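**Q** Okay, handing you the structure first.
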Amino acid sequence: MSVALPFDPKKSPLKKRHKRADFSCGKKSLDVYLQRHAGQDMKRGLAAVFILEGESEVDIAGFYALSSQSIEAGDLTELSVKGLPVERPIPCTLLGQFAVHEKWKGQGVGAWLLGHVLHEVTAHAEKVGSFALIVDAVDEEARTYWLHCGFIPFPSTQNRLFLPMKTIKKWLDTE
Ligand SMILES: CC(C)(COP(=O)(O)OP(=O)(O)OC[C@H]1O[C@@H](n2cnc3c(N)ncnc32)[C@H](O)[C@@H]1OP(=O)(O)O)[C@@H](O)C(=O)NCCC(=O)NCCS
């Protein structure tokens, strides 16, 4: 997953300096989330929002938001549920938002950012248990993207997909 980017990649938690109004990824709900809700979510402790800065420290090339999320073992596929307790919630990590600015699309920025997210969530899972990384696809195109990235659909909710931490760790170990 080491992709060379067209700019020097710098990551930062969302800050006031980041020009949110200029961000456009082609999916309105994601733009609106960044512009109107991300700051509040950070303040309230509902999500950790990170920015991949573009050509300057105010420029947003991409962003993502992570939160904790519990699921029921019964929500998962039979194969993945093997060995999991059915009587209590399964702690997971939710990648609630993930987007790249339209001007950088198709240049490996999404792949780079996802690689970064996978490193971050597996490192965090060493300290705070998490069974899987979950994503909610905003539409069919996004769902196709997550399937392309190796995510597995929840049998009960087709737009929700997951990737076991065990699988992510294996991928990272073979990099
Ligand atoms: C989806 C998105 C993050 C991809 O970012 P990107 O920088 O254009 O993607 P990359 O250039 O890094 O491509 C990475 C891989 O994903 C594939 N890909 C990109 N968009 C895809 C799509 N919509 N469907 C399937 N595969 C896709 C690329 O072909 C590439 O495949 P490869 O590694 O086999 O060559 C970006 O287009 C985006 O922000 N879209 C709008 C928001 C969105 O849908 N977010 C995700 C769902 S919540």
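Chain labels run A, B, ... following the order of the structure tokens; each chain numbers its residues from 1, and ligands are numbered from 1 in the order shown.
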If we count only C-alpha atoms, what is near stretch 46-55 of chain A at a cut-off of 12 Å, once residues fewer than 4 positions away on the same chain are taken out, given as a ChimeraX atom specification?

**A** /A:5-20,22-23,33-35,37-42,59-69,93-101,103-104,109-110,112-114,116-117,120-121

**Q** Counting only C-alpha atoms and all ligand atoms, what are the residues of chain A within 6 Å of ligand 1, and for each of them which pair of atoms is the nearest and at what distance in Å, to one decimal? Sort the table by chain and rising number, as CSV.

**A**
residue,atom,partner,partner_atom_place_in_ligand_line,distance
A:Cys25,CA,ligand 1,41 (C),4.9
A:Gly26,CA,ligand 1,41 (C),5.5
A:Lys27,CA,ligand 1,41 (C),5.4
A:Gln97,CA,ligand 1,48 (S),5.6
A:Phe98,CA,ligand 1,45 (N),5.0
A:Ala99,CA,ligand 1,39 (O),3.3
A:Val100,CA,ligand 1,39 (O),3.7
A:Lys105,CA,ligand 1,8 (O),3.5
A:Gly106,CA,ligand 1,11 (O),3.3
A:Gln107,CA,ligand 1,11 (O),4.2
A:Gly108,CA,ligand 1,12 (O),3.2
A:Val109,CA,ligand 1,7 (O),4.0
A:Gly110,CA,ligand 1,7 (O),3.4
A:Ala111,CA,ligand 1,12 (O),3.7
A:Ala137,CA,ligand 1,48 (S),4.7
A:Val138,CA,ligand 1,48 (S),5.1
A:Glu141,CA,ligand 1,23 (N),4.9
A:Ala142,CA,ligand 1,47 (C),4.2
A:Thr144,CA,ligand 1,24 (N),4.7
A:Tyr145,CA,ligand 1,24 (N),3.6
A:His148,CA,ligand 1,26 (N),5.4

**Q** A:Ser130, A:Ser70, A:Asn159, A:Ser80: which is nearest A:Leu147, counting only C-alpha atoms?

**A** A:Asn159

**Q** Nearest to A:Ala123: which of A:Ala21, A:Ala73, A:Ile168, A:Ala4 is it, counting only C-alpha atoms?

**A**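 Among the listed residues, the smallest separation from A:Ala123 belongs to A:Ile168.
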
**Q** I'd like the contact shell of A:Ala132 - 9 Å cut-off, only C-alpha atoms, skipping same-chain residues fewer than 3 positions apart - returned as a count of residues only.

**A** 12

**Q** For a test of reading the model, state the distance in Å between atom CA of A:Val81 and atom CA of A:Phe154, rounded to one decimal.

**A** 11.3 Å

**Q** Point out the residue among A:Leu118, A:Ile71, A:Cys149, A:Val135 with the least atom-to-atom distance to A:Leu172, counting only C-alpha atoms.

**A**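 For A:Leu172, the nearest of the candidates is A:Leu118.
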
**Q** Please extract the residues of chain A with a backbone DSSP assignment of strand (DSSP E) and present them as a ChimeraX atom specification.

**A** /A:10-13,48-53,60-71,90-100,132-136,152-153,160-164

**Q** Report the distance between atom CA of A:Lys43 and atom CA of A:Ser56 in Å, rounded to one decimal place.

**A** 24.5 Å

**Q** Rounded to one decimal, what separation in Å do you get between atom CA of A:Leu76 and atom CA of A:Ile134?

**A**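 The value is 11.1 Å.
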
**Q** Which residue out of A:Glu126, A:Phe131, A:Arg44, A:Ser24 has the minimum interatomic distance to A:Pro85 when only C-alpha atoms are used?

**A**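 Distance minimum relative to A:Pro85 lands on A:Phe131.
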
**Q** Please identify all polymer residues within 8 Å of A:Glu72, counting only C-alpha atoms, omitting same-chain residues fewer than 6 positions from it, and present them as a list of chain:residue names.

**A**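 My list of contacting residues is A:Val86, A:Arg88, A:Pro89, A:Ile90.
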
**Q** Considering only C-alpha atoms, state which residue in the set A:Pro155, A:Thr122, A:Ser29, A:Glu140 is at the smallest distance from A:Glu78.

**A**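 The answer is A:Pro155, which sits nearest to A:Glu78.
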